[in-house]
>>> print(open('start.cif').read())   # mmCIF, C-alpha atoms
data_input
#
loop_
_atom_site.label_atom_id
_atom_site.label_comp_id
_atom_site.auth_asym_id
_atom_site.auth_seq_id
_atom_site.Cartn_x
_atom_site.Cartn_y
_atom_site.Cartn_z
CA MET D 514 -25.28 0.31 84.52
CA ARG D 515 -24.28 -1.19 81.22
CA TYR D 516 -25.11 -4.67 79.90
CA ASP D 517 -24.11 -6.63 76.81
CA SER D 518 -27.67 -7.66 75.92
CA PRO D 519 -31.24 -7.27 77.19
CA LEU D 520 -31.10 -10.78 78.64
CA ALA D 521 -28.03 -9.82 80.64
CA ALA D 522 -30.09 -7.06 82.29
CA VAL D 523 -32.27 -9.51 84.26
CA GLY D 524 -32.07 -8.92 88.02
CA ASN D 525 -30.23 -6.29 90.08
CA THR D 526 -33.55 -4.62 90.82
CA PRO D 527 -33.99 -1.72 93.27
CA LEU D 528 -34.92 -2.24 96.91
CA VAL D 529 -36.91 0.76 98.12
CA ARG D 530 -38.06 1.65 101.63
CA LEU D 531 -41.72 2.52 101.97
CA PRO D 532 -41.66 5.50 104.33
CA ARG D 533 -45.42 5.97 104.51
CA LEU D 534 -46.44 2.34 104.92
CA SER D 535 -43.68 1.47 107.40
CA PRO D 536 -45.16 1.63 110.93
CA SER D 537 -42.09 3.28 112.52
CA ASP D 538 -38.35 3.93 112.24
CA THR D 539 -37.62 0.56 113.84
CA VAL D 540 -40.20 -1.46 111.89
CA ARG D 541 -39.48 -0.79 108.24
CA ILE D 542 -40.98 -2.20 105.06
CA TRP D 543 -38.96 -2.54 101.86
CA ALA D 544 -40.21 -3.32 98.34
CA LYS D 545 -38.04 -5.27 95.87
CA LEU D 546 -39.12 -3.91 92.50
CA GLU D 547 -39.15 -6.98 90.25
CA ASP D 548 -41.29 -5.19 87.68
CA ARG D 549 -38.00 -3.56 86.58
CA ASN D 550 -36.92 -6.76 84.82
CA PRO D 551 -36.84 -6.83 80.96
CA THR D 552 -40.36 -8.25 80.44
CA GLY D 553 -41.73 -6.57 83.55
CA SER D 554 -41.90 -9.36 86.11
CA VAL D 555 -39.92 -11.43 88.59
CA LYS D 556 -40.35 -14.42 86.25
CA ASP D 557 -37.53 -13.26 84.01
CA ARG D 558 -35.14 -14.65 86.62
CA PRO D 559 -36.36 -18.28 86.71
CA ALA D 560 -37.28 -18.34 83.00
CA LEU D 561 -33.83 -17.32 81.83
CA HIS D 562 -32.06 -19.49 84.40
CA MET D 563 -34.13 -22.59 83.52
CA ILE D 564 -33.38 -22.07 79.82
CA GLU D 565 -29.67 -21.53 80.34
CA GLN D 566 -29.33 -24.52 82.66
CA ALA D 567 -31.18 -26.70 80.11
CA GLU D 568 -28.83 -25.45 77.40
CA ARG D 569 -25.82 -26.28 79.58
CA ALA D 570 -27.19 -29.77 80.23
CA GLY D 571 -27.70 -30.29 76.49
CA ARG D 572 -31.49 -30.65 76.83
CA LEU D 573 -32.14 -27.53 74.78
CA SER D 574 -30.55 -26.46 71.50
CA PRO D 575 -31.62 -23.99 68.78
CA GLY D 576 -34.69 -25.21 66.89
CA CYS D 577 -36.14 -27.00 69.94
CA THR D 578 -39.74 -26.49 71.08
CA ILE D 579 -40.32 -25.36 74.66
CA LEU D 580 -43.60 -26.35 76.34
CA GLU D 581 -44.87 -24.81 79.57
CA PRO D 582 -48.09 -24.66 81.60
CA THR D 583 -48.35 -20.94 82.34
CA SER D 584 -51.13 -18.43 82.56
CA GLY D 585 -48.95 -15.42 82.63
CA ASN D 586 -45.61 -14.02 83.54
CA THR D 587 -43.46 -17.14 83.17
CA GLY D 588 -44.81 -17.67 79.67
CA ILE D 589 -44.10 -14.06 78.74
CA SER D 590 -40.53 -14.31 80.09
CA LEU D 591 -39.91 -17.67 78.39
CA ALA D 592 -41.39 -16.41 75.11
CA MET D 593 -39.10 -13.38 75.05
CA ALA D 594 -36.01 -15.47 75.76
CA ALA D 595 -37.17 -18.10 73.23
CA ARG D 596 -37.55 -15.44 70.54
CA LEU D 597 -34.04 -14.10 71.14
CA LYS D 598 -32.49 -17.55 71.37
CA GLY D 599 -34.34 -19.17 68.45
CA TYR D 600 -36.75 -21.60 70.12
CA ARG D 601 -40.38 -22.30 69.34
CA ILE D 602 -42.62 -22.04 72.43
CA VAL D 603 -46.02 -23.52 73.25
CA CYS D 604 -47.89 -22.34 76.37
CA VAL D 605 -50.82 -24.21 77.92
CA MET D 606 -53.04 -21.73 79.71
CA PRO D 607 -56.56 -21.54 81.17
CA GLU D 608 -58.98 -19.99 78.69
CA ASN D 609 -60.25 -17.37 81.20
CA THR D 610 -56.99 -15.41 81.33
CA SER D 611 -56.96 -11.78 80.23
CA GLU D 612 -56.63 -10.35 76.74
CA GLU D 613 -53.44 -8.48 77.74
CA ARG D 614 -51.75 -11.76 78.56
CA ARG D 615 -52.78 -13.35 75.28
CA GLN D 616 -51.43 -10.42 73.32
CA LEU D 617 -48.16 -10.34 75.26
CA LEU D 618 -47.57 -14.03 74.55
CA ALA D 619 -48.59 -13.68 70.89
CA MET D 620 -46.34 -10.65 70.50
CA TRP D 621 -43.28 -12.76 71.38
CA GLY D 622 -44.46 -15.51 69.05
CA ALA D 623 -45.73 -18.01 71.62
CA GLU D 624 -48.41 -20.49 70.54
CA ILE D 625 -51.25 -20.86 73.05
CA ILE D 626 -53.10 -24.08 73.79
CA PRO D 627 -56.16 -23.22 75.90
CA SER D 628 -57.14 -25.42 78.86
CA PRO D 629 -60.67 -25.42 80.37
CA ALA D 630 -61.27 -22.43 82.67
CA ALA D 631 -63.03 -24.54 85.29
CA GLY D 632 -59.96 -26.64 86.03
CA GLY D 633 -57.66 -23.62 86.44
CA SER D 634 -53.92 -24.09 86.61
CA ASN D 635 -54.28 -27.66 87.92
CA THR D 636 -55.75 -28.67 84.56
CA ALA D 637 -53.20 -26.62 82.59
CA VAL D 638 -50.43 -28.51 84.38
CA ARG D 639 -52.07 -31.87 83.67
CA MET D 640 -52.61 -31.03 79.99
CA ALA D 641 -49.00 -29.89 79.60
CA LYS D 642 -47.79 -33.16 81.13
CA GLU D 643 -49.95 -35.10 78.63
CA LEU D 644 -48.62 -33.04 75.71
CA ALA D 645 -45.05 -33.62 76.89
CA ALA D 646 -45.70 -37.37 76.82
CA GLU D 647 -47.15 -37.12 73.29
CA HIS D 648 -44.23 -35.01 72.05
CA PRO D 649 -41.06 -36.45 73.54
CA ASP D 650 -38.93 -34.03 71.50
CA TRP D 651 -40.56 -31.00 73.16
CA VAL D 652 -38.78 -29.65 76.23
CA MET D 653 -40.97 -28.88 79.22
CA LEU D 654 -38.99 -26.75 81.67
CA TYR D 655 -41.80 -27.21 84.20
CA GLN D 656 -41.53 -24.29 86.59
CA TYR D 657 -43.43 -26.10 89.40
CA GLY D 658 -40.83 -28.82 89.72
CA ASN D 659 -37.64 -27.48 88.12
CA PRO D 660 -34.96 -26.90 90.81
CA ASP D 661 -33.50 -24.17 88.54
CA ASN D 662 -36.61 -22.08 89.19
CA ALA D 663 -35.76 -21.87 92.90
CA GLY D 664 -32.07 -21.92 91.91
CA ALA D 665 -32.44 -18.60 90.09
CA HIS D 666 -33.64 -16.94 93.30
CA TYR D 667 -30.98 -18.70 95.38
CA ALA D 668 -28.32 -17.38 93.01
CA THR D 669 -29.61 -13.83 92.48
CA THR D 670 -32.69 -12.57 94.39
CA GLY D 671 -31.44 -13.76 97.79
CA PRO D 672 -27.88 -12.40 97.47
CA GLU D 673 -29.12 -9.05 96.09
CA ILE D 674 -31.43 -8.56 99.08
CA LEU D 675 -28.74 -9.53 101.59
CA ALA D 676 -26.22 -7.17 99.99
CA ASP D 677 -28.67 -4.25 100.10
CA LEU D 678 -30.12 -4.99 103.54
CA PRO D 679 -27.92 -7.20 105.76
CA GLU D 680 -30.22 -6.41 108.71
CA ILE D 681 -33.25 -8.09 107.06
CA THR D 682 -35.58 -9.85 109.55
CA HIS D 683 -38.46 -10.97 107.30
CA PHE D 684 -38.81 -11.98 103.66
CA VAL D 685 -42.34 -12.00 102.23
CA ALA D 686 -43.39 -13.17 98.76
CA GLY D 687 -46.37 -14.58 96.93
CA LEU D 688 -46.76 -18.35 96.75
CA GLY D 689 -47.33 -19.78 93.27
CA THR D 690 -44.72 -22.19 91.98
CA THR D 691 -43.03 -21.51 95.37
CA GLY D 692 -39.74 -20.84 93.51
CA THR D 693 -39.13 -17.33 94.89
CA LEU D 694 -39.76 -18.36 98.50
CA MET D 695 -37.83 -21.62 98.26
CA GLY D 696 -34.78 -20.12 96.53
CA ALA D 697 -34.41 -16.72 98.19
CA GLY D 698 -35.74 -18.22 101.44
CA ARG D 699 -33.07 -20.93 101.56
CA TYR D 700 -30.32 -18.45 100.77
CA LEU D 701 -31.44 -16.01 103.45
CA ARG D 702 -31.84 -18.76 106.06
CA GLU D 703 -28.26 -19.86 105.41
CA HIS D 704 -26.92 -16.35 105.86
CA VAL D 705 -29.20 -14.58 108.35
CA PRO D 706 -29.80 -16.39 111.64
CA GLY D 707 -33.44 -16.18 112.71
CA VAL D 708 -34.72 -14.66 109.46
CA ARG D 709 -38.41 -15.33 108.94
CA ILE D 710 -39.70 -16.50 105.57
CA VAL D 711 -43.37 -15.66 105.05
CA ALA D 712 -45.61 -16.85 102.21
CA ALA D 713 -48.66 -14.92 100.97
CA GLU D 714 -50.93 -17.36 99.19
CA PRO D 715 -53.68 -15.93 96.99
CA ARG D 716 -57.20 -16.93 98.04
CA TYR D 717 -59.54 -16.47 95.13
CA ASP D 718 -63.29 -16.23 95.34
CA ASP D 719 -65.64 -19.19 95.03
CA LEU D 720 -66.03 -18.84 91.28
CA VAL D 721 -62.38 -19.70 90.78
CA TYR D 722 -62.26 -22.56 93.29
CA GLY D 723 -65.68 -23.84 92.30
CA LEU D 724 -65.00 -27.26 90.92
CA ARG D 725 -61.64 -28.04 92.48
CA ASN D 726 -61.57 -31.50 93.91
CA LEU D 727 -60.10 -32.12 97.35
CA ASP D 728 -58.64 -35.45 96.27
CA GLU D 729 -56.92 -34.11 93.16
CA GLY D 730 -55.25 -31.07 94.63
CA PHE D 731 -51.87 -29.81 93.65
CA VAL D 732 -48.74 -29.03 95.63
CA PRO D 733 -45.76 -27.93 93.50
CA GLU D 734 -42.90 -30.43 93.58
CA LEU D 735 -40.57 -27.56 94.57
CA TYR D 736 -42.48 -26.85 97.77
CA ASP D 737 -40.58 -27.59 100.96
CA GLU D 738 -42.56 -26.59 104.03
CA SER D 739 -39.41 -26.41 106.17
CA VAL D 740 -38.16 -23.30 104.34
CA LEU D 741 -41.18 -21.27 105.46
CA THR D 742 -41.79 -19.77 108.86
CA THR D 743 -45.46 -19.33 108.11
CA ARG D 744 -48.00 -18.99 105.37
CA PHE D 745 -50.96 -16.63 105.08
CA SER D 746 -53.99 -16.93 102.86
CA VAL D 747 -54.88 -13.51 101.45
CA GLY D 748 -58.29 -12.92 99.91
CA SER D 749 -59.08 -10.72 96.91
CA GLU D 750 -60.44 -7.93 99.09
CA ASP D 751 -57.25 -7.47 101.06
CA ALA D 752 -55.08 -7.92 97.96
CA VAL D 753 -56.98 -5.25 96.00
CA ARG D 754 -57.12 -2.84 98.96
CA ARG D 755 -53.35 -3.09 99.52
CA THR D 756 -52.59 -2.78 95.80
CA ARG D 757 -54.51 0.50 95.73
CA GLN D 758 -52.93 1.65 98.98
CA LEU D 759 -49.42 0.98 97.60
CA LEU D 760 -50.30 3.12 94.58
CA ALA D 761 -51.94 5.92 96.56
CA GLU D 762 -49.44 6.18 99.41
CA GLU D 763 -46.13 5.18 97.88
CA GLY D 764 -46.71 5.71 94.16
CA ILE D 765 -45.90 2.12 93.24
CA PHE D 766 -48.09 0.73 90.44
CA ALA D 767 -48.09 -3.02 91.05
CA GLY D 768 -50.08 -6.07 90.08
CA VAL D 769 -52.73 -7.46 92.42
CA SER D 770 -50.61 -10.34 93.75
CA THR D 771 -48.21 -7.72 95.12
CA GLY D 772 -51.08 -6.37 97.20
CA ALA D 773 -51.38 -9.83 98.77
CA ALA D 774 -47.66 -9.88 99.64
CA LEU D 775 -47.91 -6.35 101.06
CA HIS D 776 -50.89 -7.40 103.18
CA ALA D 777 -48.82 -10.20 104.74
CA ALA D 778 -45.84 -7.83 105.16
CA LEU D 779 -48.04 -5.30 107.00
CA GLY D 780 -49.38 -8.15 109.16
CA VAL D 781 -45.91 -9.22 110.32
CA ALA D 782 -44.96 -5.54 110.76
CA ARG D 783 -47.91 -5.06 113.11
CA ARG D 784 -46.89 -8.14 115.12
CA ALA D 785 -43.29 -6.88 115.42
CA GLU D 786 -44.49 -3.43 116.45
CA ARG D 787 -46.78 -4.90 119.11
CA ALA D 788 -43.99 -7.14 120.43
CA GLY D 789 -41.62 -4.17 120.58
CA GLU D 790 -39.19 -5.83 118.16
CA ARG D 791 -37.12 -4.19 115.44
CA ALA D 792 -37.99 -5.43 111.93
CA ASP D 793 -36.76 -4.93 108.37
CA ILE D 794 -39.32 -6.59 106.16
CA VAL D 795 -38.68 -7.16 102.45
CA PHE D 796 -41.55 -8.05 100.14
CA ILE D 797 -41.53 -8.80 96.43
CA VAL D 798 -43.29 -6.58 93.89
CA ALA D 799 -43.78 -9.40 91.38
CA ASP D 800 -44.99 -7.26 88.48
CA GLY D 801 -46.47 -3.90 87.51
CA GLY D 802 -50.17 -3.19 87.17
CA TRP D 803 -50.24 -2.89 83.37
CA LYS D 804 -51.59 -6.38 82.67
CA TYR D 805 -54.46 -5.85 85.11
CA LEU D 806 -55.63 -2.43 83.92
CA SER D 807 -58.60 -3.88 82.06
CA THR D 808 -60.00 -5.21 85.36
CA GLY D 809 -60.60 -1.60 86.43
CA VAL D 810 -59.23 -2.13 89.95
CA TYR D 811 -56.94 0.92 89.82
CA THR D 812 -59.52 3.45 88.70
CA ALA D 813 -62.57 2.19 90.60
CA ALA D 814 -63.95 4.90 92.90
CA THR D 815 -63.82 2.72 96.02
CA ASP D 816 -62.11 -0.46 97.22
CA GLU D 817 -65.50 -2.20 97.21
CA GLU D 818 -66.05 -1.38 93.53
CA ALA D 819 -62.49 -2.48 92.75
CA VAL D 820 -63.07 -5.85 94.44
CA ALA D 821 -66.33 -6.28 92.55
CA ALA D 822 -64.46 -5.53 89.31
CA LEU D 823 -62.09 -8.43 89.96
CA HIS D 824 -64.86 -10.91 90.73
CA GLY D 825 -64.14 -14.36 89.37
CA GLU D 826 -60.75 -13.55 87.87
CA LEU D 827 -57.42 -15.12 88.59
CA TRP D 828 -55.28 -12.27 89.91
CA ALA D 829 -52.10 -13.93 91.07
CA MET X 1439 -66.79 -20.68 121.98
CA ALA X 1440 -68.29 -19.83 118.60
CA ILE X 1441 -65.96 -20.31 115.67
CA GLU X 1442 -66.83 -19.40 112.11
CA VAL X 1443 -65.85 -22.12 109.64
CA ARG X 1444 -65.72 -21.24 105.95
CA ILE X 1445 -66.53 -24.21 103.73
CA PRO X 1446 -65.20 -24.64 100.16
CA THR X 1447 -67.75 -25.19 97.39
CA ILE X 1448 -66.76 -28.81 97.00
CA LEU X 1449 -67.78 -29.62 100.62
CA ARG X 1450 -71.03 -27.66 100.73
CA THR X 1451 -72.96 -30.83 99.94
CA TYR X 1452 -72.33 -31.64 103.63
CA THR X 1453 -73.54 -28.25 104.89
CA ASP X 1454 -76.79 -27.89 102.91
CA GLY X 1455 -75.04 -25.50 100.56
CA LYS X 1456 -73.96 -23.16 103.34
CA LYS X 1457 -70.72 -21.19 102.71
CA ALA X 1458 -69.99 -20.85 106.39
CA VAL X 1459 -71.15 -22.69 109.50
CA GLU X 1460 -70.60 -22.16 113.21
CA GLY X 1461 -68.59 -24.67 115.16
CA GLU X 1462 -67.10 -25.23 118.58
CA GLY X 1463 -63.98 -26.79 120.03
CA ALA X 1464 -60.75 -25.98 121.82
CA THR X 1465 -58.66 -27.27 118.90
CA ILE X 1466 -59.02 -27.79 115.15
CA ASP X 1467 -59.37 -31.52 115.87
CA GLU X 1468 -62.29 -30.95 118.26
CA LEU X 1469 -63.83 -28.47 115.85
CA PHE X 1470 -63.80 -31.03 113.02
CA LYS X 1471 -65.22 -33.77 115.27
CA GLY X 1472 -68.00 -31.40 116.28
CA LEU X 1473 -68.69 -30.50 112.64
CA ASP X 1474 -68.90 -34.17 111.76
CA ALA X 1475 -71.63 -34.72 114.37
CA ARG X 1476 -73.80 -32.14 112.61
CA HIS X 1477 -72.57 -32.74 109.06
CA PRO X 1478 -71.80 -36.47 108.93
CA GLY X 1479 -68.94 -37.43 106.61
CA ILE X 1480 -67.25 -34.06 106.41
CA ARG X 1481 -64.38 -34.93 108.76
CA GLU X 1482 -63.29 -37.88 106.66
CA ARG X 1483 -62.76 -35.52 103.72
CA LEU X 1484 -60.43 -33.35 105.78
CA VAL X 1485 -58.48 -35.76 107.95
CA ASP X 1486 -56.81 -39.07 107.06
CA GLU X 1487 -56.80 -42.40 108.96
CA SER X 1488 -53.87 -41.31 111.11
CA GLY X 1489 -55.75 -38.19 112.20
CA GLU X 1490 -53.60 -35.71 110.24
CA LEU X 1491 -54.83 -33.17 107.67
CA ARG X 1492 -55.09 -34.64 104.20
CA ARG X 1493 -52.34 -33.60 101.78
CA PHE X 1494 -54.49 -31.46 99.49
CA VAL X 1495 -56.52 -29.84 102.25
CA ASN X 1496 -55.38 -26.49 103.61
CA VAL X 1497 -56.83 -25.13 106.84
CA TYR X 1498 -56.27 -21.54 107.95
CA LEU X 1499 -56.86 -20.04 111.38
CA ASN X 1500 -57.51 -16.31 110.93
CA ASP X 1501 -55.80 -16.62 107.52
CA GLU X 1502 -52.66 -18.37 108.87
CA ASP X 1503 -51.95 -21.93 107.66
CA VAL X 1504 -52.40 -24.23 110.70
CA ARG X 1505 -49.56 -26.47 109.47
CA PHE X 1506 -47.24 -23.70 110.71
CA LEU X 1507 -49.08 -23.42 114.03
CA ALA X 1508 -49.78 -26.78 115.68
CA GLY X 1509 -51.57 -28.52 112.81
CA ILE X 1510 -54.66 -30.44 113.82
CA ALA X 1511 -53.89 -29.65 117.49
CA THR X 1512 -53.89 -25.87 116.90
CA GLU X 1513 -55.80 -24.17 119.72
CA LEU X 1514 -58.85 -22.06 119.00
CA GLY X 1515 -60.47 -19.17 120.82
CA ASP X 1516 -63.85 -17.52 120.77
CA GLY X 1517 -64.40 -15.43 117.64
CA ASP X 1518 -61.73 -17.20 115.60
CA SER X 1519 -62.32 -17.82 111.93
CA VAL X 1520 -61.28 -21.07 110.25
CA THR X 1521 -61.10 -21.39 106.46
CA ILE X 1522 -60.88 -24.73 104.64
CA LEU X 1523 -59.54 -24.69 101.07
CA PRO X 1524 -58.36 -27.20 98.50
CA ALA X 1525 -54.66 -26.94 97.55
CA VAL X 1526 -54.46 -25.57 94.01
CA ALA X 1527 -51.72 -24.68 91.60
CA GLY X 1528 -50.82 -20.99 91.70
CA GLY X 1529 -52.91 -18.92 89.32
CA MET X 1530 -50.85 -16.46 87.29
CA VAL X 1531 -47.54 -18.24 87.07
#
>>> encode(input="start.cif", output="structure tokens")
Amino acid sequence: MRYDSPLAAVGNTPLVRLPRLSPSDTVRIWAKLEDRNPTGSVKDRPALHMIEQAERAGRLSPGCTILEPTSGNTGISLAMAARLKGYRIVCVMPENTSEERRQLLAMWGAEIIPSPAAGGSNTAVRMAKELAAEHPDWVMLYQYGNPDNAGAHYATTGPEILADLPEITHFVAGLGTTGTLMGAGRYLREHVPGVRIVAAEPRYDDLVYGLRNLDEGFVPELYDESVLTTRFSVGSEDAVRRTRQLLAEEGIFAGVSTGAALHAALGVARRAERAGERADIVFIVADGGWKYLSTGVYTAATDEEAVAALHGELWA
Amino acid sequence: MAIEVRIPTILRTYTDGKKAVEGEGATIDELFKGLDARHPGIRERLVDESGELRRFVNVYLNDEDVRFLAGIATELGDGDSVTILPAVAGGMV
């Protein structure tokens, strides 16, 4: 495979069968390895696509400042593309995010504006919207509401999966901005009759939810319930256990949110097996485990110790 | 028909600080009405005037979002676990 630039190498990631975790020859689980993208996460797809679409629309030109509420991968992807394309980038992110993430953003030249930890991403989004109003010349791509986020997955992730596995029955991914599920989900629904689109939503522990207000919740503008077949809430314990299992049994070193997607994938696999149905289940490995090493979840002696190590941290 | 209901921090003022309470009911709707009898005011935080779940309230039956089951009319069985959570922006995005 040869590409004209690192940015051109986004996408076309491997789809690998998981022979040990698949329950049988007729109920098979497949991992789409999105950690193989240039900055190491699935977010390279929407980040690059949002930038290029904004350039095409004339919203973005060299010298512009990009603003984005992001606590992780999207910021890293945007910062890399911004560096190569000559944009300044400002990321608003909760102050309790890990040192790895700060260094990765700083390394690509992103400026970080911290938002209060207690308000989580909801507050980062609100602060970014306020900053955008104060700086009308800054360009907020706004991953939660930008149709080009889902559009990237409609144009690339979905078609890649269908080409590799036309017999797909289930697509499972983590739910954050909802872009992956909305984009790839729509594409697959249009091309595979009866395909089931399954969301794995991270459920953090109380420390993270603590002060969230029921009346000021947040649902991404991109979210369209009708694309999903169902939605599971996956707690830290299950996410960590599955992340470690994926490493131990299949040798795949993934971030903790991937463990949540795998947990949902194994859940639908069990249902298919029980119902005597054939299933080819694809789930997204959103990133590798590198950025989460300092939590200690991979080297902890037991799952219980690994879960304790993650206590109070955002992991997806 | 004992059902475990996990309560988010923000609603624990209604449950004397308890993280989880036991409830009863054949549906989510009945469960919430029963909870309200013992923890007055809690139902109003979860359900709007038309009797549907509020927009920023997510309710899960055994970890599955009830909006994809039968919503407020979702049927419950003995030993089920119901989790109530506020809708939040994704964490690491």
>>> atom_distance(input="start.cif", atom1="atom CA of Gly687 of chain D", atom2="atom CA of Thr1465 of chain X")
28.2 Å
>>> resolve_selection(input="start.cif", expression="the PyMOL selection byres ((chain X) within 9 of (chain D))", output="mmCIF file with C-alpha atoms, in the coordinates of the input")
data_model
loop_
_atom_site.group_PDB
_atom_site.id
_atom_site.type_symbol
_atom_site.label_atom_id
_atom_site.label_comp_id
_atom_site.auth_asym_id
_atom_site.auth_seq_id
_atom_site.Cartn_x
_atom_site.Cartn_y
_atom_site.Cartn_z
ATOM 1 C CA PRO X 1446 -65.200 -24.640 100.160
ATOM 2 C CA THR X 1447 -67.750 -25.190 97.390
ATOM 3 C CA ILE X 1448 -66.760 -28.810 97.000
ATOM 4 C CA LEU X 1449 -67.780 -29.620 100.620
ATOM 5 C CA ARG X 1483 -62.760 -35.520 103.720
ATOM 6 C CA LEU X 1484 -60.430 -33.350 105.780
ATOM 7 C CA ARG X 1492 -55.090 -34.640 104.200
ATOM 8 C CA ARG X 1493 -52.340 -33.600 101.780
ATOM 9 C CA PHE X 1494 -54.490 -31.460 99.490
ATOM 10 C CA VAL X 1495 -56.520 -29.840 102.250
ATOM 11 C CA TYR X 1498 -56.270 -21.540 107.950
ATOM 12 C CA ASN X 1500 -57.510 -16.310 110.930
ATOM 13 C CA ASP X 1501 -55.800 -16.620 107.520
ATOM 14 C CA GLU X 1502 -52.660 -18.370 108.870
ATOM 15 C CA ASP X 1503 -51.950 -21.930 107.660
ATOM 16 C CA VAL X 1504 -52.400 -24.230 110.700
ATOM 17 C CA ARG X 1505 -49.560 -26.470 109.470
ATOM 18 C CA PHE X 1506 -47.240 -23.700 110.710
ATOM 19 C CA LEU X 1507 -49.080 -23.420 114.030
ATOM 20 C CA LEU X 1523 -59.540 -24.690 101.070
ATOM 21 C CA PRO X 1524 -58.360 -27.200 98.500
ATOM 22 C CA ALA X 1525 -54.660 -26.940 97.550
ATOM 23 C CA VAL X 1526 -54.460 -25.570 94.010
ATOM 24 C CA ALA X 1527 -51.720 -24.680 91.600
ATOM 25 C CA GLY X 1528 -50.820 -20.990 91.700
ATOM 26 C CA GLY X 1529 -52.910 -18.920 89.320
ATOM 27 C CA MET X 1530 -50.850 -16.460 87.290
ATOM 28 C CA VAL X 1531 -47.540 -18.240 87.070
#
>>> atom_distance(input="start.cif", atom1="atom CA of Trp543 of chain D", atom2="atom CA of Leu528 of chain D")
6.4 Å
>>> resolve_selection(input="start.cif", expression="the PyMOL selection byres ((chain X and resi 1519) around 12)", output="number ranges by chain")
X: 1439-1445, 1458-1462, 1466, 1469, 1497-1504, 1513-1518, 1520-1522
>>> closest_residue(input="start.cif", among="D:Thr526, D:Ser537, D:Thr670, D:Asn609", to="Arg783 of chain D", atoms="only C-alpha atoms")
D:Ser537
>>> atom_distance(input="start.cif", atom1="atom CA of Val798 of chain D", atom2="atom CA of Ala619 of chain D")
24.6 Å
>>> resolve_selection(input="start.cif", expression="the PyMOL selection byres ((chain X and resi 1473) around 10)", output="PyMOL selection string")
chain X and resi 1443+1452-1453+1459-1463+1467-1472+1474-1481
>>> closest_residue(input="start.cif", among="D:Met640, D:Leu591, D:Ala752, D:Met653", to="Leu573 of chain D", atoms="all atoms listed in the file")
D:Met653
